[in-house]
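Below is one structure; the comments refer to it alone.
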Amino acid sequence: MQPTYTAEAETFREKIQAFLSEHLPADWQGIGALDHDAAMQFTGEWRDILRDNKLLAANWPEAYGGAGLTALESVIMAEEFQKAGVPTGGPNDVFGIQMVGNTIIQWGTEEQKQHFLPRIISGEDTWCQGYSEPNAGSDLGNLGCKAELDGDEWVINGQKIWTSAGHLADWIFVLTRTDAEAAKHRGITFLLVPMDQPGVEVRPIQMISGESEFNEVFFDDAKCAKENVIGEVNGGWAVAMTLLGYERGEAAATTPVAFKGEIDRLLQMAIERGVNDDPAIRQRLAWCYSKVEIMRYLGMRTLTKFLQGEHPGPDASIFKLYWSEYHQKVTELAVDILGADALHWEGQLPSSSFSTDSKGAANSSGSWVGTFLNARAGTIYAGTSQVQSNIIGEMVLGLPKEPKADKGPWNKIPK
């Protein structure tokens, strides 16, 4: 549970700390202290610095533009960046580097790696995720977006939903149904599809916060090259699960740092507003503090696995379920502490629609109410709490699977 860092690991930590000291302003307080335009400008410039120092996709092999860091070194770097309040990349790099880039490295051909990976590093290609559908969100295996091979091209028809950054991306990795006669998890293919074509339509969806970071995507005879399959035709389910492991895995070791900073801000706001002596508020604050400490130990457990050379697996769902359920409770407490001030937002909204506000953010109603609204979706995106619970029960604890009435070929499943 408690990882023991080697001397080499601690030397690497000092190297990252020196890098941050060299490239950040002396009065740096965290990206959350910047206004929106300044934060966007900083992020773009910071991404260039990381790319030039091979720290943008640091765990990638050097042959593909990374630094070849070990899993533990990647986590140490992410920890130090989180403490300093700087991003590990640009806004799209979660999709481009962490998700599809890592997946291409694991499953792609050498030609695919040589073509796509440099374009991800340079920022020439920006990506979004085509997984969920109106009838296949929590039950992803029930997806119906269809792809048929026509000569040298795949022709795609169907719909995806909750496509974060879809309105900004020029590529989308899509799970498609390529064999309707196969069992639902066995007739799926993972395709890389260009967005800039007549057969792709993107419609933004307005969120409760008023922003529109995710979208609906419609495919009407959209096309991609025959060779743009990652993994095997009809073998896309395993590729998709690999990608989700990368999406959920590393965060378990680094996100607790962000949640620790958030609870510290909340404690300070309770003091500033004179409610820190209220017994009910104190009890709720203590509960939140204890949950953050448990989260820290869950992160240590993940670190221990990294030290043992293990890659993210189904147990990554434990952390996702834990933090998303917790975050709704802590932001509800923040709104209660704000009281009537929560009805009138003041100050800057969070810099991201996911997880906590950035380090350096003001203790304003804008920051906290915006985070509260974003937290409502935390138990839905990246897999609902119900899905995470099933994964934990069936794949981690080995419990019997839920009874299902949709066995057999996909096209025989009642819709």
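By convention here, the chains of the structure tokens are called A, B, ... in the order presented, each chain's residues are numbered starting at 1, and ligands are numbered starting at 1 in the order presented.
If you count only C-alpha atoms and ignore residues fewer than 2 places along the chain from Glu153 of chain A, what sits within 7 Å of it is Leu149, Asp150, Gly151, Val155, Lys223, Cys224, Ala225 and Lys226 of chain A.
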For N, CA and C atoms, I'd like the residues from the last selection saved as a PDB file, in the first residue's frame.
```pdb
ATOM      1  N   LEU A 149     -17.405  -2.151 -45.114  1.00  0.00           N
ATOM      2  CA  LEU A 149     -16.251  -1.982 -45.984  1.00  0.00           C
ATOM      3  C   LEU A 149     -16.714  -1.938 -47.435  1.00  0.00           C
ATOM      4  N   ASP A 150     -16.340  -0.857 -48.126  1.00  0.00           N
ATOM      5  CA  ASP A 150     -16.679  -0.678 -49.523  1.00  0.00           C
ATOM      6  C   ASP A 150     -15.377  -0.396 -50.279  1.00  0.00           C
ATOM      7  N   GLY A 151     -14.790  -1.435 -50.837  1.00  0.00           N
ATOM      8  CA  GLY A 151     -13.504  -1.281 -51.514  1.00  0.00           C
ATOM      9  C   GLY A 151     -12.406  -0.948 -50.526  1.00  0.00           C
ATOM     10  N   VAL A 155     -17.503   2.769 -44.748  1.00  0.00           N
ATOM     11  CA  VAL A 155     -18.619   3.714 -44.837  1.00  0.00           C
ATOM     12  C   VAL A 155     -19.411   3.614 -43.536  1.00  0.00           C
ATOM     13  N   LYS A 223     -16.715   8.474 -44.232  1.00  0.00           N
ATOM     14  CA  LYS A 223     -15.742   7.501 -44.720  1.00  0.00           C
ATOM     15  C   LYS A 223     -14.406   7.623 -43.992  1.00  0.00           C
ATOM     16  N   CYS A 224     -13.712   6.486 -43.910  1.00  0.00           N
ATOM     17  CA  CYS A 224     -12.317   6.493 -43.482  1.00  0.00           C
ATOM     18  C   CYS A 224     -11.594   5.381 -44.226  1.00  0.00           C
ATOM     19  N   ALA A 225     -10.282   5.482 -44.288  1.00  0.00           N
ATOM     20  CA  ALA A 225      -9.490   4.522 -45.056  1.00  0.00           C
ATOM     21  C   ALA A 225      -9.586   3.121 -44.455  1.00  0.00           C
ATOM     22  N   LYS A 226      -9.479   2.135 -45.294  1.00  0.00           N
ATOM     23  CA  LYS A 226      -9.550   0.729 -44.887  1.00  0.00           C
ATOM     24  C   LYS A 226      -8.532   0.409 -43.805  1.00  0.00           C
TER      25      LYS A 226
END
```
task = From a DSSP calculation on the backbone, collect every residue of segment 75-217 of chain A in strand (DSSP E) and output the set as a VMD selection string.
result = chain A and resid 127 to 130 146 to 150 153 to 161 171 to 177 188 to 194 200 to 205 214 to 217
query = In Å, how far is it from atom CA of Lys83 of chain A to atom CA of Val257 of chain A?
reply = 6.8 Å
Could you give me, as JSON lines, a per-residue list for segment 229-332 of chain A showing, wherever an atom lies at most 9 Å from an atom of segment 91-102 of chain A, the closest pair of atoms and their distance in Å to one decimal, using only C-alpha atoms and sorting by chain then residue number from low to high?
```
{"residue": "A:Thr242", "atom": "CA", "partner": "A:Met99", "partner_atom": "CA", "distance": 8.8}
{"residue": "A:Leu243", "atom": "CA", "partner": "A:Met99", "partner_atom": "CA", "distance": 5.5}
{"residue": "A:Leu244", "atom": "CA", "partner": "A:Met99", "partner_atom": "CA", "distance": 7.5}
{"residue": "A:Gly245", "atom": "CA", "partner": "A:Met99", "partner_atom": "CA", "distance": 8.7}
{"residue": "A:Tyr246", "atom": "CA", "partner": "A:Met99", "partner_atom": "CA", "distance": 5.9}
{"residue": "A:Glu247", "atom": "CA", "partner": "A:Met99", "partner_atom": "CA", "distance": 5.9}
```
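Atom pair atom CA of Gly347 of chain A / atom CA of Ala362 of chain A: separated by 7.7 Å.
Closest approach to Thr109 of chain A among A:Leu333, A:Val229, A:Ala84, A:Ala286 is made by A:Val229 (distances from only C-alpha atoms).
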inquiry  = Just the number, please: distance in Å from atom CA of Val174 of chain A to atom CA of Val193 of chain A, one decimal.
reply    = 7.0 Å
Among segment 151-337 of chain A, which ones does DSSP assign to helix (DSSP H, G or I) (computed from the backbone)? Answer as a PDB file with N, CA and C atoms, in the first residue's frame.
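See part.pdb below for the written result:
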```
ATOM      1  N   GLY A 236     -12.630  -4.885 -31.804  1.00  0.00           N
ATOM      2  CA  GLY A 236     -12.479  -3.552 -31.223  1.00  0.00           C
ATOM      3  C   GLY A 236     -12.806  -3.436 -29.755  1.00  0.00           C
ATOM      4  N   TRP A 237     -13.536  -4.421 -29.205  1.00  0.00           N
ATOM      5  CA  TRP A 237     -13.917  -4.317 -27.790  1.00  0.00           C
ATOM      6  C   TRP A 237     -12.686  -4.325 -26.889  1.00  0.00           C
ATOM      7  N   ALA A 238     -11.734  -5.194 -27.171  1.00  0.00           N
ATOM      8  CA  ALA A 238     -10.510  -5.243 -26.362  1.00  0.00           C
ATOM      9  C   ALA A 238      -9.727  -3.942 -26.489  1.00  0.00           C
ATOM     10  N   VAL A 239      -9.696  -3.364 -27.686  1.00  0.00           N
ATOM     11  CA  VAL A 239      -9.013  -2.084 -27.889  1.00  0.00           C
ATOM     12  C   VAL A 239      -9.709  -0.985 -27.092  1.00  0.00           C
ATOM     13  N   ALA A 240     -11.043  -0.999 -27.133  1.00  0.00           N
ATOM     14  CA  ALA A 240     -11.818   0.011 -26.404  1.00  0.00           C
ATOM     15  C   ALA A 240     -11.568  -0.068 -24.904  1.00  0.00           C
ATOM     16  N   MET A 241     -11.468  -1.274 -24.362  1.00  0.00           N
ATOM     17  CA  MET A 241     -11.229  -1.437 -22.938  1.00  0.00           C
ATOM     18  C   MET A 241      -9.811  -0.994 -22.561  1.00  0.00           C
ATOM     19  N   THR A 242      -8.862  -1.215 -23.454  1.00  0.00           N
ATOM     20  CA  THR A 242      -7.504  -0.714 -23.223  1.00  0.00           C
ATOM     21  C   THR A 242      -7.521   0.795 -23.094  1.00  0.00           C
ATOM     22  N   LEU A 243      -8.228   1.462 -24.011  1.00  0.00           N
ATOM     23  CA  LEU A 243      -8.293   2.916 -23.980  1.00  0.00           C
ATOM     24  C   LEU A 243      -8.924   3.411 -22.687  1.00  0.00           C
ATOM     25  N   LEU A 244      -9.997   2.760 -22.236  1.00  0.00           N
ATOM     26  CA  LEU A 244     -10.639   3.183 -20.989  1.00  0.00           C
ATOM     27  C   LEU A 244      -9.710   2.991 -19.797  1.00  0.00           C
ATOM     28  N   GLY A 245      -8.876   1.958 -19.838  1.00  0.00           N
ATOM     29  CA  GLY A 245      -7.900   1.766 -18.771  1.00  0.00           C
ATOM     30  C   GLY A 245      -6.927   2.928 -18.699  1.00  0.00           C
ATOM     31  N   TYR A 246      -6.462   3.415 -19.859  1.00  0.00           N
ATOM     32  CA  TYR A 246      -5.576   4.579 -19.872  1.00  0.00           C
ATOM     33  C   TYR A 246      -6.303   5.821 -19.393  1.00  0.00           C
ATOM     34  N   GLU A 247      -7.596   5.930 -19.714  1.00  0.00           N
ATOM     35  CA  GLU A 247      -8.381   7.094 -19.306  1.00  0.00           C
ATOM     36  C   GLU A 247      -8.518   7.165 -17.789  1.00  0.00           C
ATOM     37  N   ARG A 248      -8.702   6.013 -17.135  1.00  0.00           N
ATOM     38  CA  ARG A 248      -9.007   5.989 -15.701  1.00  0.00           C
ATOM     39  C   ARG A 248      -7.808   5.698 -14.818  1.00  0.00           C
ATOM     40  N   GLY A 249      -6.730   5.124 -15.385  1.00  0.00           N
ATOM     41  CA  GLY A 249      -5.674   4.561 -14.560  1.00  0.00           C
ATOM     42  C   GLY A 249      -4.795   5.561 -13.841  1.00  0.00           C
ATOM     43  N   ALA A 251      -4.930   8.660 -13.322  1.00  0.00           N
ATOM     44  CA  ALA A 251      -5.600   9.663 -12.502  1.00  0.00           C
ATOM     45  C   ALA A 251      -5.708   9.235 -11.042  1.00  0.00           C
ATOM     46  N   ALA A 252      -5.790   7.930 -10.794  1.00  0.00           N
ATOM     47  CA  ALA A 252      -5.915   7.451  -9.422  1.00  0.00           C
ATOM     48  C   ALA A 252      -4.711   7.829  -8.579  1.00  0.00           C
ATOM     49  N   ALA A 253      -3.556   7.989  -9.217  1.00  0.00           N
ATOM     50  CA  ALA A 253      -2.350   8.333  -8.471  1.00  0.00           C
ATOM     51  C   ALA A 253      -2.120   9.832  -8.367  1.00  0.00           C
ATOM     52  N   THR A 254      -2.733  10.617  -9.260  1.00  0.00           N
ATOM     53  CA  THR A 254      -2.452  12.056  -9.288  1.00  0.00           C
ATOM     54  C   THR A 254      -3.625  12.932  -8.860  1.00  0.00           C
ATOM     55  N   THR A 255      -4.858  12.500  -9.124  1.00  0.00           N
ATOM     56  CA  THR A 255      -6.024  13.313  -8.784  1.00  0.00           C
ATOM     57  C   THR A 255      -6.148  13.607  -7.295  1.00  0.00           C
ATOM     58  N   PRO A 256      -5.737  12.698  -6.382  1.00  0.00           N
ATOM     59  CA  PRO A 256      -5.832  13.048  -4.957  1.00  0.00           C
ATOM     60  C   PRO A 256      -5.115  14.336  -4.586  1.00  0.00           C
ATOM     61  N   VAL A 257      -4.067  14.698  -5.321  1.00  0.00           N
ATOM     62  CA  VAL A 257      -3.378  15.965  -5.041  1.00  0.00           C
ATOM     63  C   VAL A 257      -4.323  17.135  -5.291  1.00  0.00           C
ATOM     64  N   ALA A 258      -5.089  17.055  -6.391  1.00  0.00           N
ATOM     65  CA  ALA A 258      -6.042  18.122  -6.716  1.00  0.00           C
ATOM     66  C   ALA A 258      -7.164  18.184  -5.685  1.00  0.00           C
ATOM     67  N   PHE A 259      -7.666  17.029  -5.257  1.00  0.00           N
ATOM     68  CA  PHE A 259      -8.745  17.025  -4.266  1.00  0.00           C
ATOM     69  C   PHE A 259      -8.262  17.516  -2.901  1.00  0.00           C
ATOM     70  N   LYS A 260      -7.007  17.270  -2.574  1.00  0.00           N
ATOM     71  CA  LYS A 260      -6.450  17.818  -1.329  1.00  0.00           C
ATOM     72  C   LYS A 260      -6.423  19.341  -1.389  1.00  0.00           C
ATOM     73  N   GLY A 261      -5.997  19.892  -2.533  1.00  0.00           N
ATOM     74  CA  GLY A 261      -6.012  21.344  -2.679  1.00  0.00           C
ATOM     75  C   GLY A 261      -7.410  21.913  -2.602  1.00  0.00           C
ATOM     76  N   GLU A 262      -8.388  21.186  -3.142  1.00  0.00           N
ATOM     77  CA  GLU A 262      -9.770  21.654  -3.123  1.00  0.00           C
ATOM     78  C   GLU A 262     -10.332  21.678  -1.702  1.00  0.00           C
ATOM     79  N   ILE A 263     -10.098  20.619  -0.916  1.00  0.00           N
ATOM     80  CA  ILE A 263     -10.637  20.609   0.452  1.00  0.00           C
ATOM     81  C   ILE A 263      -9.957  21.666   1.302  1.00  0.00           C
ATOM     82  N   ASP A 264      -8.674  21.956   1.046  1.00  0.00           N
ATOM     83  CA  ASP A 264      -7.997  23.035   1.764  1.00  0.00           C
ATOM     84  C   ASP A 264      -8.663  24.377   1.468  1.00  0.00           C
ATOM     85  N   ARG A 265      -9.039  24.598   0.212  1.00  0.00           N
ATOM     86  CA  ARG A 265      -9.743  25.834  -0.156  1.00  0.00           C
ATOM     87  C   ARG A 265     -11.094  25.914   0.542  1.00  0.00           C
ATOM     88  N   LEU A 266     -11.791  24.778   0.615  1.00  0.00           N
ATOM     89  CA  LEU A 266     -13.113  24.772   1.250  1.00  0.00           C
ATOM     90  C   LEU A 266     -13.004  25.059   2.739  1.00  0.00           C
ATOM     91  N   LEU A 267     -12.011  24.478   3.395  1.00  0.00           N
ATOM     92  CA  LEU A 267     -11.802  24.758   4.817  1.00  0.00           C
ATOM     93  C   LEU A 267     -11.536  26.245   5.040  1.00  0.00           C
ATOM     94  N   GLN A 268     -10.755  26.837   4.145  1.00  0.00           N
ATOM     95  CA  GLN A 268     -10.464  28.263   4.272  1.00  0.00           C
ATOM     96  C   GLN A 268     -11.721  29.097   4.073  1.00  0.00           C
ATOM     97  N   MET A 269     -12.573  28.703   3.128  1.00  0.00           N
ATOM     98  CA  MET A 269     -13.810  29.452   2.902  1.00  0.00           C
ATOM     99  C   MET A 269     -14.742  29.342   4.105  1.00  0.00           C
ATOM    100  N   ALA A 270     -14.781  28.172   4.740  1.00  0.00           N
ATOM    101  CA  ALA A 270     -15.613  28.016   5.934  1.00  0.00           C
ATOM    102  C   ALA A 270     -15.147  28.951   7.046  1.00  0.00           C
ATOM    103  N   ILE A 271     -13.831  29.101   7.195  1.00  0.00           N
ATOM    104  CA  ILE A 271     -13.278  30.020   8.195  1.00  0.00           C
ATOM    105  C   ILE A 271     -13.623  31.460   7.835  1.00  0.00           C
ATOM    106  N   GLU A 272     -13.422  31.818   6.575  1.00  0.00           N
ATOM    107  CA  GLU A 272     -13.690  33.190   6.138  1.00  0.00           C
ATOM    108  C   GLU A 272     -15.150  33.571   6.339  1.00  0.00           C
ATOM    109  N   PRO A 279     -21.572  22.986  14.268  1.00  0.00           N
ATOM    110  CA  PRO A 279     -21.358  21.542  14.442  1.00  0.00           C
ATOM    111  C   PRO A 279     -21.695  20.725  13.191  1.00  0.00           C
ATOM    112  N   ALA A 280     -22.785  21.071  12.516  1.00  0.00           N
ATOM    113  CA  ALA A 280     -23.184  20.305  11.332  1.00  0.00           C
ATOM    114  C   ALA A 280     -22.174  20.496  10.190  1.00  0.00           C
ATOM    115  N   ILE A 281     -21.723  21.740  10.017  1.00  0.00           N
ATOM    116  CA  ILE A 281     -20.735  22.024   8.977  1.00  0.00           C
ATOM    117  C   ILE A 281     -19.415  21.340   9.301  1.00  0.00           C
ATOM    118  N   ARG A 282     -19.002  21.393  10.567  1.00  0.00           N
ATOM    119  CA  ARG A 282     -17.742  20.754  10.972  1.00  0.00           C
ATOM    120  C   ARG A 282     -17.780  19.248  10.717  1.00  0.00           C
ATOM    121  N   GLN A 283     -18.929  18.636  10.997  1.00  0.00           N
ATOM    122  CA  GLN A 283     -19.037  17.194  10.787  1.00  0.00           C
ATOM    123  C   GLN A 283     -18.909  16.859   9.297  1.00  0.00           C
ATOM    124  N   ARG A 284     -19.544  17.665   8.450  1.00  0.00           N
ATOM    125  CA  ARG A 284     -19.472  17.417   7.008  1.00  0.00           C
ATOM    126  C   ARG A 284     -18.063  17.681   6.473  1.00  0.00           C
ATOM    127  N   LEU A 285     -17.407  18.722   6.995  1.00  0.00           N
ATOM    128  CA  LEU A 285     -16.027  18.998   6.588  1.00  0.00           C
ATOM    129  C   LEU A 285     -15.106  17.842   6.984  1.00  0.00           C
ATOM    130  N   ALA A 286     -15.313  17.314   8.188  1.00  0.00           N
ATOM    131  CA  ALA A 286     -14.487  16.198   8.649  1.00  0.00           C
ATOM    132  C   ALA A 286     -14.710  14.974   7.777  1.00  0.00           C
ATOM    133  N   TRP A 287     -15.963  14.752   7.391  1.00  0.00           N
ATOM    134  CA  TRP A 287     -16.270  13.612   6.505  1.00  0.00           C
ATOM    135  C   TRP A 287     -15.528  13.768   5.187  1.00  0.00           C
ATOM    136  N   CYS A 288     -15.578  14.970   4.611  1.00  0.00           N
ATOM    137  CA  CYS A 288     -14.901  15.216   3.333  1.00  0.00           C
ATOM    138  C   CYS A 288     -13.390  15.036   3.471  1.00  0.00           C
ATOM    139  N   TYR A 289     -12.850  15.537   4.567  1.00  0.00           N
ATOM    140  CA  TYR A 289     -11.401  15.404   4.777  1.00  0.00           C
ATOM    141  C   TYR A 289     -11.002  13.932   4.851  1.00  0.00           C
ATOM    142  N   SER A 290     -11.795  13.147   5.559  1.00  0.00           N
ATOM    143  CA  SER A 290     -11.478  11.717   5.693  1.00  0.00           C
ATOM    144  C   SER A 290     -11.549  11.020   4.343  1.00  0.00           C
ATOM    145  N   LYS A 291     -12.498  11.418   3.492  1.00  0.00           N
ATOM    146  CA  LYS A 291     -12.624  10.798   2.173  1.00  0.00           C
ATOM    147  C   LYS A 291     -11.418  11.137   1.293  1.00  0.00           C
ATOM    148  N   VAL A 292     -10.908  12.364   1.403  1.00  0.00           N
ATOM    149  CA  VAL A 292      -9.731  12.746   0.622  1.00  0.00           C
ATOM    150  C   VAL A 292      -8.513  11.938   1.073  1.00  0.00           C
ATOM    151  N   GLU A 293      -8.413  11.691   2.372  1.00  0.00           N
ATOM    152  CA  GLU A 293      -7.306  10.874   2.867  1.00  0.00           C
ATOM    153  C   GLU A 293      -7.408   9.432   2.359  1.00  0.00           C
ATOM    154  N   ILE A 294      -8.621   8.899   2.350  1.00  0.00           N
ATOM    155  CA  ILE A 294      -8.813   7.554   1.794  1.00  0.00           C
ATOM    156  C   ILE A 294      -8.441   7.544   0.318  1.00  0.00           C
ATOM    157  N   MET A 295      -8.826   8.623  -0.383  1.00  0.00           N
ATOM    158  CA  MET A 295      -8.485   8.734  -1.794  1.00  0.00           C
ATOM    159  C   MET A 295      -6.967   8.712  -1.997  1.00  0.00           C
ATOM    160  N   ARG A 296      -6.260   9.356  -1.079  1.00  0.00           N
ATOM    161  CA  ARG A 296      -4.797   9.380  -1.158  1.00  0.00           C
ATOM    162  C   ARG A 296      -4.235   7.960  -1.039  1.00  0.00           C
ATOM    163  N   TYR A 297      -4.814   7.150  -0.166  1.00  0.00           N
ATOM    164  CA  TYR A 297      -4.339   5.777  -0.024  1.00  0.00           C
ATOM    165  C   TYR A 297      -4.719   4.918  -1.225  1.00  0.00           C
ATOM    166  N   LEU A 298      -5.872   5.202  -1.828  1.00  0.00           N
ATOM    167  CA  LEU A 298      -6.204   4.517  -3.077  1.00  0.00           C
ATOM    168  C   LEU A 298      -5.177   4.853  -4.147  1.00  0.00           C
ATOM    169  N   GLY A 299      -4.743   6.122  -4.169  1.00  0.00           N
ATOM    170  CA  GLY A 299      -3.697   6.518  -5.104  1.00  0.00           C
ATOM    171  C   GLY A 299      -2.393   5.805  -4.831  1.00  0.00           C
ATOM    172  N   MET A 300      -2.049   5.634  -3.550  1.00  0.00           N
ATOM    173  CA  MET A 300      -0.830   4.901  -3.191  1.00  0.00           C
ATOM    174  C   MET A 300      -0.918   3.450  -3.664  1.00  0.00           C
ATOM    175  N   ARG A 301      -2.117   2.884  -3.593  1.00  0.00           N
ATOM    176  CA  ARG A 301      -2.312   1.511  -4.065  1.00  0.00           C
ATOM    177  C   ARG A 301      -2.002   1.431  -5.555  1.00  0.00           C
ATOM    178  N   THR A 302      -2.456   2.428  -6.305  1.00  0.00           N
ATOM    179  CA  THR A 302      -2.167   2.456  -7.737  1.00  0.00           C
ATOM    180  C   THR A 302      -0.680   2.622  -7.981  1.00  0.00           C
ATOM    181  N   LEU A 303      -0.039   3.486  -7.190  1.00  0.00           N
ATOM    182  CA  LEU A 303       1.403   3.674  -7.314  1.00  0.00           C
ATOM    183  C   LEU A 303       2.146   2.363  -7.067  1.00  0.00           C
ATOM    184  N   THR A 304       1.685   1.625  -6.064  1.00  0.00           N
ATOM    185  CA  THR A 304       2.309   0.342  -5.763  1.00  0.00           C
ATOM    186  C   THR A 304       2.222  -0.590  -6.969  1.00  0.00           C
ATOM    187  N   LYS A 305       1.069  -0.585  -7.652  1.00  0.00           N
ATOM    188  CA  LYS A 305       0.918  -1.405  -8.844  1.00  0.00           C
ATOM    189  C   LYS A 305       1.870  -0.953  -9.943  1.00  0.00           C
ATOM    190  N   PHE A 306       2.023   0.372 -10.104  1.00  0.00           N
ATOM    191  CA  PHE A 306       2.969   0.875 -11.090  1.00  0.00           C
ATOM    192  C   PHE A 306       4.385   0.384 -10.770  1.00  0.00           C
ATOM    193  N   LEU A 307       4.725   0.417  -9.466  1.00  0.00           N
ATOM    194  CA  LEU A 307       6.055  -0.037  -9.063  1.00  0.00           C
ATOM    195  C   LEU A 307       6.275  -1.503  -9.405  1.00  0.00           C
ATOM    196  N   ALA A 316      -9.253   0.064 -11.953  1.00  0.00           N
ATOM    197  CA  ALA A 316      -9.275   1.521 -12.095  1.00  0.00           C
ATOM    198  C   ALA A 316     -10.675   2.067 -11.845  1.00  0.00           C
ATOM    199  N   SER A 317     -11.701   1.210 -12.008  1.00  0.00           N
ATOM    200  CA  SER A 317     -13.082   1.638 -11.761  1.00  0.00           C
ATOM    201  C   SER A 317     -13.323   1.976 -10.301  1.00  0.00           C
ATOM    202  N   ILE A 318     -12.547   1.404  -9.394  1.00  0.00           N
ATOM    203  CA  ILE A 318     -12.724   1.694  -7.962  1.00  0.00           C
ATOM    204  C   ILE A 318     -12.526   3.173  -7.709  1.00  0.00           C
ATOM    205  N   PHE A 319     -11.446   3.710  -8.261  1.00  0.00           N
ATOM    206  CA  PHE A 319     -11.146   5.113  -8.016  1.00  0.00           C
ATOM    207  C   PHE A 319     -12.147   6.034  -8.706  1.00  0.00           C
ATOM    208  N   LYS A 320     -12.534   5.691  -9.940  1.00  0.00           N
ATOM    209  CA  LYS A 320     -13.484   6.539 -10.651  1.00  0.00           C
ATOM    210  C   LYS A 320     -14.810   6.615  -9.902  1.00  0.00           C
ATOM    211  N   LEU A 321     -15.310   5.470  -9.434  1.00  0.00           N
ATOM    212  CA  LEU A 321     -16.549   5.443  -8.661  1.00  0.00           C
ATOM    213  C   LEU A 321     -16.405   6.255  -7.393  1.00  0.00           C
ATOM    214  N   TYR A 322     -15.267   6.119  -6.714  1.00  0.00           N
ATOM    215  CA  TYR A 322     -15.049   6.779  -5.425  1.00  0.00           C
ATOM    216  C   TYR A 322     -15.043   8.293  -5.563  1.00  0.00           C
ATOM    217  N   TRP A 323     -14.185   8.812  -6.484  1.00  0.00           N
ATOM    218  CA  TRP A 323     -14.032  10.266  -6.516  1.00  0.00           C
ATOM    219  C   TRP A 323     -15.277  10.963  -7.059  1.00  0.00           C
ATOM    220  N   SER A 324     -15.960  10.339  -8.030  1.00  0.00           N
ATOM    221  CA  SER A 324     -17.122  11.007  -8.616  1.00  0.00           C
ATOM    222  C   SER A 324     -18.279  11.108  -7.624  1.00  0.00           C
ATOM    223  N   GLU A 325     -18.485  10.060  -6.815  1.00  0.00           N
ATOM    224  CA  GLU A 325     -19.527  10.115  -5.790  1.00  0.00           C
ATOM    225  C   GLU A 325     -19.152  11.110  -4.700  1.00  0.00           C
ATOM    226  N   TYR A 326     -17.888  11.114  -4.302  1.00  0.00           N
ATOM    227  CA  TYR A 326     -17.419  12.063  -3.288  1.00  0.00           C
ATOM    228  C   TYR A 326     -17.571  13.506  -3.756  1.00  0.00           C
ATOM    229  N   HIS A 327     -17.231  13.769  -5.018  1.00  0.00           N
ATOM    230  CA  HIS A 327     -17.173  15.150  -5.472  1.00  0.00           C
ATOM    231  C   HIS A 327     -18.538  15.816  -5.467  1.00  0.00           C
ATOM    232  N   GLN A 328     -19.590  15.061  -5.653  1.00  0.00           N
ATOM    233  CA  GLN A 328     -20.918  15.642  -5.546  1.00  0.00           C
ATOM    234  C   GLN A 328     -21.202  16.093  -4.115  1.00  0.00           C
ATOM    235  N   LYS A 329     -20.770  15.303  -3.138  1.00  0.00           N
ATOM    236  CA  LYS A 329     -21.009  15.643  -1.732  1.00  0.00           C
ATOM    237  C   LYS A 329     -20.229  16.885  -1.304  1.00  0.00           C
ATOM    238  N   VAL A 330     -18.959  16.954  -1.683  1.00  0.00           N
ATOM    239  CA  VAL A 330     -18.142  18.079  -1.222  1.00  0.00           C
ATOM    240  C   VAL A 330     -18.589  19.381  -1.873  1.00  0.00           C
ATOM    241  N   THR A 331     -19.016  19.329  -3.139  1.00  0.00           N
ATOM    242  CA  THR A 331     -19.477  20.564  -3.778  1.00  0.00           C
ATOM    243  C   THR A 331     -20.863  20.976  -3.280  1.00  0.00           C
ATOM    244  N   GLU A 332     -21.672  20.012  -2.867  1.00  0.00           N
ATOM    245  CA  GLU A 332     -22.934  20.363  -2.211  1.00  0.00           C
ATOM    246  C   GLU A 332     -22.665  21.107  -0.903  1.00  0.00           C
ATOM    247  N   LEU A 333     -21.661  20.666  -0.174  1.00  0.00           N
ATOM    248  CA  LEU A 333     -21.286  21.357   1.060  1.00  0.00           C
ATOM    249  C   LEU A 333     -20.802  22.773   0.751  1.00  0.00           C
ATOM    250  N   ALA A 334     -20.029  22.939  -0.307  1.00  0.00           N
ATOM    251  CA  ALA A 334     -19.541  24.264  -0.681  1.00  0.00           C
ATOM    252  C   ALA A 334     -20.696  25.216  -0.969  1.00  0.00           C
ATOM    253  N   VAL A 335     -21.704  24.734  -1.682  1.00  0.00           N
ATOM    254  CA  VAL A 335     -22.867  25.563  -1.993  1.00  0.00           C
ATOM    255  C   VAL A 335     -23.622  25.921  -0.714  1.00  0.00           C
ATOM    256  N   ASP A 336     -23.730  24.978   0.222  1.00  0.00           N
ATOM    257  CA  ASP A 336     -24.398  25.272   1.499  1.00  0.00           C
ATOM    258  C   ASP A 336     -23.630  26.325   2.287  1.00  0.00           C
ATOM    259  N   ILE A 337     -22.302  26.275   2.249  1.00  0.00           N
ATOM    260  CA  ILE A 337     -21.497  27.290   2.944  1.00  0.00           C
ATOM    261  C   ILE A 337     -21.673  28.653   2.286  1.00  0.00           C
TER     262      ILE A 337
END
```
remark   = Counting only C-alpha atoms, closest pick from A:Thr356, A:Ser365, A:Ser21, A:Thr11 relative to Ala340 of chain A is A:Ser365
key: Selection: 12 Å around segment 14-17 of chain A, only C-alpha atoms, excl. self and same-chain fewer than 4 positions, as a PyMOL selection string   = chain A and resi 7-10+21-24+50+53+55+58+73-84+88
